[in-house]
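Novice: Shown below is the structure under consideration.
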Amino acid sequence: MGNKSMVIYKFFTTVFAITCIFFITNNGKVLAAELSQKEKEELHQQYVEILNEVKSTVQWGDSLVDIEVTPINDFREEDWVSLEIFKQRAIDATQANAVNIENHSNEIIPFSTSNAAHTIGINHGSTSVNITVSAYFTTQLSGSRQVFTGYASLSNTASKGTFSRTGVDARIIDAGRTYTFTIGGSLSYLGLTSYHTLNTDFICNANGVVS
């Protein structure tokens, strides 16, 4: 790049940065409605560069498979923030860990189907996004106790953002006492799309109650 081209590039980069300052509110959000499409594209590209730096320098969370900036066409108003805030969001999302935090269950009688749910928290810094995984389970009597025979209607919902399931591996182990699930999916939240592997085990007790 020649000296003249470099000067022009630096000039427009500076102008863009100054322009964004005027569109940043006190809480660090960018007034996206005030930005042109070109300015949004340039800001989005800076987000990509920030995330790439974070991915190479920050330790990844235990459930994280990959993470990327959400496509610009899917950005919501609250996703447009200052570069400083976006970097912190990127760090929090990259370091996010998944933890089983809550179980919901209904009593299952022999040869019936009932619903049970687990909640898995993906911790983004001080914020937790809860993914609720639920399914209908069937059990049957085997010897002196109830055991799993199958599941149906697996679903997942997120307390914030959107979680999209991409795959599931479900296996009955421990002689029918445990249904172990490994769920792959993507979480779109605050302008970032992170890819996770979530693990949770449903337990069937001797009376057929799943937890």
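Going through the structure tokens in order, the chains are called A, B, and so on, while each chain numbers its residues from 1 and the ligands are numbered from 1 in the order shown.
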With only C-alpha atoms as the counted atoms, please give the residues lying no more than 10 Å from stretch 133-148 of chain A, apart from itself and same-chain residues fewer than 2 positions off, as JSON, numbers by chain.
Specialist: {"A": [103, 104, 105, 108, 109, 110, 111, 112, 113, 114, 115, 116, 117, 118, 119, 120, 130, 131, 150, 151, 152, 153, 154, 155, 156, 157, 158, 172, 173, 174, 175, 176, 177, 178, 179, 181, 183, 198, 200, 202, 203, 204, 205, 206, 207, 208, 209, 210]}
Novice: Produce a file of the selected residues containing N, CA and C atoms, as a short mmCIF file (atom, residue, chain, number, x, y, z; two decimals), in the first residue's frame.
Specialist:
```
data_model
loop_
_atom_site.label_atom_id
_atom_site.label_comp_id
_atom_site.auth_asym_id
_atom_site.auth_seq_id
_atom_site.Cartn_x
_atom_site.Cartn_y
_atom_site.Cartn_z
N ASN A 103 -33.08 -29.54 38.47
CA ASN A 103 -33.80 -30.66 37.87
C ASN A 103 -35.28 -30.55 38.19
N HIS A 104 -36.10 -30.93 37.22
CA HIS A 104 -37.54 -30.98 37.41
C HIS A 104 -38.00 -32.38 37.02
N SER A 105 -38.86 -32.98 37.81
CA SER A 105 -39.29 -34.33 37.47
C SER A 105 -40.73 -34.55 37.88
N ILE A 108 -43.25 -41.22 37.50
CA ILE A 108 -43.60 -42.08 36.38
C ILE A 108 -44.08 -43.42 36.91
N ILE A 109 -45.27 -43.80 36.53
CA ILE A 109 -45.79 -45.09 36.95
C ILE A 109 -45.39 -46.13 35.90
N PRO A 110 -45.42 -47.44 36.25
CA PRO A 110 -44.95 -48.46 35.32
C PRO A 110 -45.61 -48.38 33.95
N PHE A 111 -44.79 -48.52 32.91
CA PHE A 111 -45.24 -48.58 31.52
C PHE A 111 -45.95 -47.29 31.08
N SER A 112 -45.58 -46.16 31.67
CA SER A 112 -46.19 -44.89 31.28
C SER A 112 -45.12 -43.94 30.77
N THR A 113 -45.59 -42.81 30.29
CA THR A 113 -44.71 -41.77 29.78
C THR A 113 -44.96 -40.49 30.56
N SER A 114 -43.89 -39.85 30.99
CA SER A 114 -44.02 -38.60 31.71
C SER A 114 -42.83 -37.71 31.40
N ASN A 115 -42.96 -36.44 31.78
CA ASN A 115 -41.95 -35.46 31.43
C ASN A 115 -40.97 -35.20 32.58
N ALA A 116 -39.72 -34.96 32.22
CA ALA A 116 -38.71 -34.52 33.19
C ALA A 116 -37.81 -33.51 32.49
N ALA A 117 -37.21 -32.60 33.27
CA ALA A 117 -36.39 -31.54 32.68
C ALA A 117 -35.19 -31.25 33.56
N HIS A 118 -34.10 -30.88 32.91
CA HIS A 118 -32.89 -30.40 33.57
C HIS A 118 -32.57 -29.00 33.06
N THR A 119 -32.02 -28.16 33.91
CA THR A 119 -31.58 -26.83 33.51
C THR A 119 -30.06 -26.77 33.61
N ILE A 120 -29.43 -26.35 32.51
CA ILE A 120 -27.99 -26.23 32.45
C ILE A 120 -27.65 -24.75 32.30
N ASN A 130 -29.62 -19.83 31.00
CA ASN A 130 -30.09 -21.15 31.39
C ASN A 130 -30.72 -21.88 30.20
N ILE A 131 -30.23 -23.07 29.93
CA ILE A 131 -30.78 -23.92 28.87
C ILE A 131 -31.57 -25.04 29.55
N GLY A 150 -36.98 -45.71 26.90
CA GLY A 150 -36.87 -44.80 25.77
C GLY A 150 -37.23 -43.38 26.15
N TYR A 151 -37.09 -42.49 25.17
CA TYR A 151 -37.48 -41.09 25.38
C TYR A 151 -38.07 -40.56 24.07
N ALA A 152 -38.76 -39.42 24.16
CA ALA A 152 -39.33 -38.77 22.98
C ALA A 152 -39.48 -37.29 23.26
N SER A 153 -39.70 -36.53 22.20
CA SER A 153 -40.02 -35.10 22.28
C SER A 153 -38.97 -34.32 23.08
N LEU A 154 -37.71 -34.55 22.77
CA LEU A 154 -36.65 -33.78 23.40
C LEU A 154 -36.75 -32.32 22.96
N SER A 155 -36.70 -31.40 23.91
CA SER A 155 -36.78 -29.98 23.58
C SER A 155 -35.78 -29.21 24.42
N ASN A 156 -35.46 -28.01 23.96
CA ASN A 156 -34.56 -27.14 24.73
C ASN A 156 -34.98 -25.69 24.54
N THR A 157 -34.93 -24.93 25.61
CA THR A 157 -35.26 -23.51 25.58
C THR A 157 -34.19 -22.74 26.33
N ALA A 158 -33.95 -21.51 25.90
CA ALA A 158 -32.94 -20.66 26.54
C ALA A 158 -33.62 -19.50 27.25
N ILE A 172 -28.74 -45.23 27.15
CA ILE A 172 -29.15 -45.80 28.43
C ILE A 172 -27.98 -46.60 28.99
N ILE A 173 -27.57 -46.27 30.21
CA ILE A 173 -26.44 -46.95 30.84
C ILE A 173 -26.82 -47.37 32.26
N ASP A 174 -25.89 -47.96 32.97
CA ASP A 174 -26.10 -48.38 34.37
C ASP A 174 -27.31 -49.31 34.51
N ALA A 175 -27.38 -50.27 33.59
CA ALA A 175 -28.47 -51.27 33.64
C ALA A 175 -29.85 -50.63 33.61
N GLY A 176 -29.95 -49.53 32.85
CA GLY A 176 -31.27 -48.89 32.69
C GLY A 176 -31.57 -47.81 33.69
N ARG A 177 -30.66 -47.55 34.62
CA ARG A 177 -30.92 -46.55 35.66
C ARG A 177 -30.65 -45.11 35.20
N THR A 178 -29.79 -44.94 34.19
CA THR A 178 -29.34 -43.61 33.77
C THR A 178 -29.54 -43.43 32.28
N TYR A 179 -30.08 -42.26 31.91
CA TYR A 179 -30.16 -41.85 30.51
C TYR A 179 -29.20 -40.67 30.35
N PHE A 181 -27.26 -37.83 28.19
CA PHE A 181 -27.44 -37.04 26.99
C PHE A 181 -26.22 -36.16 26.75
N ILE A 183 -25.53 -33.10 24.14
CA ILE A 183 -26.28 -32.27 23.21
C ILE A 183 -25.36 -31.20 22.62
N LEU A 198 -23.20 -29.87 25.62
CA LEU A 198 -23.80 -29.91 26.94
C LEU A 198 -24.04 -31.36 27.35
N THR A 200 -25.79 -33.95 30.30
CA THR A 200 -26.67 -34.08 31.46
C THR A 200 -27.18 -35.51 31.55
N PHE A 202 -30.15 -38.05 33.19
CA PHE A 202 -31.43 -38.27 33.87
C PHE A 202 -31.36 -39.61 34.60
N ILE A 203 -31.85 -39.63 35.83
CA ILE A 203 -31.77 -40.82 36.67
C ILE A 203 -33.16 -41.36 36.94
N CYS A 204 -33.32 -42.66 36.81
CA CYS A 204 -34.58 -43.33 37.11
C CYS A 204 -34.40 -44.14 38.41
N ASN A 205 -35.21 -43.82 39.43
CA ASN A 205 -35.06 -44.58 40.67
C ASN A 205 -35.89 -45.87 40.62
N ALA A 206 -35.84 -46.64 41.66
CA ALA A 206 -36.47 -47.97 41.66
C ALA A 206 -37.98 -47.89 41.43
N ASN A 207 -38.60 -46.77 41.82
CA ASN A 207 -40.05 -46.62 41.67
C ASN A 207 -40.45 -45.96 40.36
N GLY A 208 -39.47 -45.64 39.50
CA GLY A 208 -39.79 -45.04 38.22
C GLY A 208 -39.84 -43.54 38.20
N VAL A 209 -39.36 -42.91 39.25
CA VAL A 209 -39.32 -41.44 39.29
C VAL A 209 -38.03 -40.97 38.63
N VAL A 210 -38.16 -40.08 37.64
CA VAL A 210 -36.99 -39.59 36.89
C VAL A 210 -36.58 -38.22 37.43
#
```
Novice: Run DSSP on the backbone and give me the residues of stretch 38-141 of chain A it puts in helix (DSSP H, G or I), as a PyMOL selection string.
Specialist: chain A and resi 38-57+72-74+77-79+83-94
Novice: Would you compute the distance between atom CA of A:Phe86 and atom CA of A:Tyr47? Give it in Å to one decimal.
Specialist: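 Pair atom CA of A:Phe86 / atom CA of A:Tyr47 returns 7.0 Å.
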Novice: Would you list, as a VMD selection string, the residues of stretch 47-97 of chain A that end up in strand (DSSP E or B) under DSSP run on this structure's backbone?
Specialist: chain A and resid 64 to 69 81 97
Novice: What's around A:Phe163 at 7 Å? Count only C-alpha atoms, leave out sequence neighbours fewer than 6 positions away in its own chain, and write the answer as a PyMOL selection string.
Specialist: chain A and resi 157+185-188
Novice: Write the residues of the preceding selection, restricted to all heavy atoms, as an mmCIF file, in the first residue's frame.
Specialist:
```cif
data_model
loop_
_atom_site.group_PDB
_atom_site.id
_atom_site.type_symbol
_atom_site.label_atom_id
_atom_site.label_comp_id
_atom_site.auth_asym_id
_atom_site.auth_seq_id
_atom_site.Cartn_x
_atom_site.Cartn_y
_atom_site.Cartn_z
ATOM 1 N N THR A 157 -34.925 -24.930 25.614
ATOM 2 C CA THR A 157 -35.258 -23.511 25.577
ATOM 3 C C THR A 157 -34.188 -22.735 26.332
ATOM 4 O O THR A 157 -33.595 -23.238 27.283
ATOM 5 C CB THR A 157 -36.637 -23.230 26.197
ATOM 6 O OG1 THR A 157 -36.651 -23.728 27.555
ATOM 7 C CG2 THR A 157 -37.742 -23.900 25.409
ATOM 8 N N GLY A 185 -25.053 -27.775 20.267
ATOM 9 C CA GLY A 185 -25.921 -26.690 19.839
ATOM 10 C C GLY A 185 -25.212 -25.360 19.832
ATOM 11 O O GLY A 185 -24.073 -25.233 20.300
ATOM 12 N N SER A 186 -25.888 -24.356 19.295
ATOM 13 C CA SER A 186 -25.320 -23.016 19.220
ATOM 14 C C SER A 186 -26.194 -22.051 20.003
ATOM 15 O O SER A 186 -27.427 -22.108 19.959
ATOM 16 C CB SER A 186 -25.210 -22.554 17.761
ATOM 17 O OG SER A 186 -26.501 -22.499 17.148
ATOM 18 N N LEU A 187 -25.533 -21.154 20.735
ATOM 19 C CA LEU A 187 -26.215 -20.123 21.502
ATOM 20 C C LEU A 187 -25.926 -18.771 20.875
ATOM 21 O O LEU A 187 -24.768 -18.347 20.795
ATOM 22 C CB LEU A 187 -25.734 -20.125 22.957
ATOM 23 C CG LEU A 187 -26.250 -18.986 23.843
ATOM 24 C CD1 LEU A 187 -27.766 -19.075 24.007
ATOM 25 C CD2 LEU A 187 -25.558 -19.001 25.202
ATOM 26 N N SER A 188 -26.975 -18.096 20.404
ATOM 27 C CA SER A 188 -26.835 -16.750 19.854
ATOM 28 C C SER A 188 -27.289 -15.759 20.913
ATOM 29 O O SER A 188 -28.464 -15.745 21.301
ATOM 30 C CB SER A 188 -27.680 -16.592 18.579
ATOM 31 O OG SER A 188 -27.206 -17.443 17.562
#
```
Novice: May I have the residues within 8 Å of A:Ala90 as a list in words, using only C-alpha atoms and disregarding those fewer than 2 positions away in the same chain?
Specialist: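 Counting only the stated atoms, we get Ile50, Leu51, Val54, Phe86, Lys87, Gln88, Asp92, Ala93, Thr94 and Leu192 of chain A.
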Novice: If I take atom CA of A:Val69 and atom CA of A:Ile101, how far is one from the other in Å, to one decimal?
Specialist: 27.4 Å
Novice: Looking at A:Gly61, A:Gly191, A:Gly125, A:Gly184, which one is nearest to A:Gly161, with distances taken over only C-alpha atoms?
Specialist: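 Between A:Gly61, A:Gly191, A:Gly125, A:Gly184, the residue approaching A:Gly161 most closely is A:Gly191.
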Novice: A:Glu84, A:Asp66, A:Glu77, A:Glu34: which is nearest A:His196, counting only C-alpha atoms?
Specialist: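 The answer is A:Asp66, which sits nearest to A:His196.
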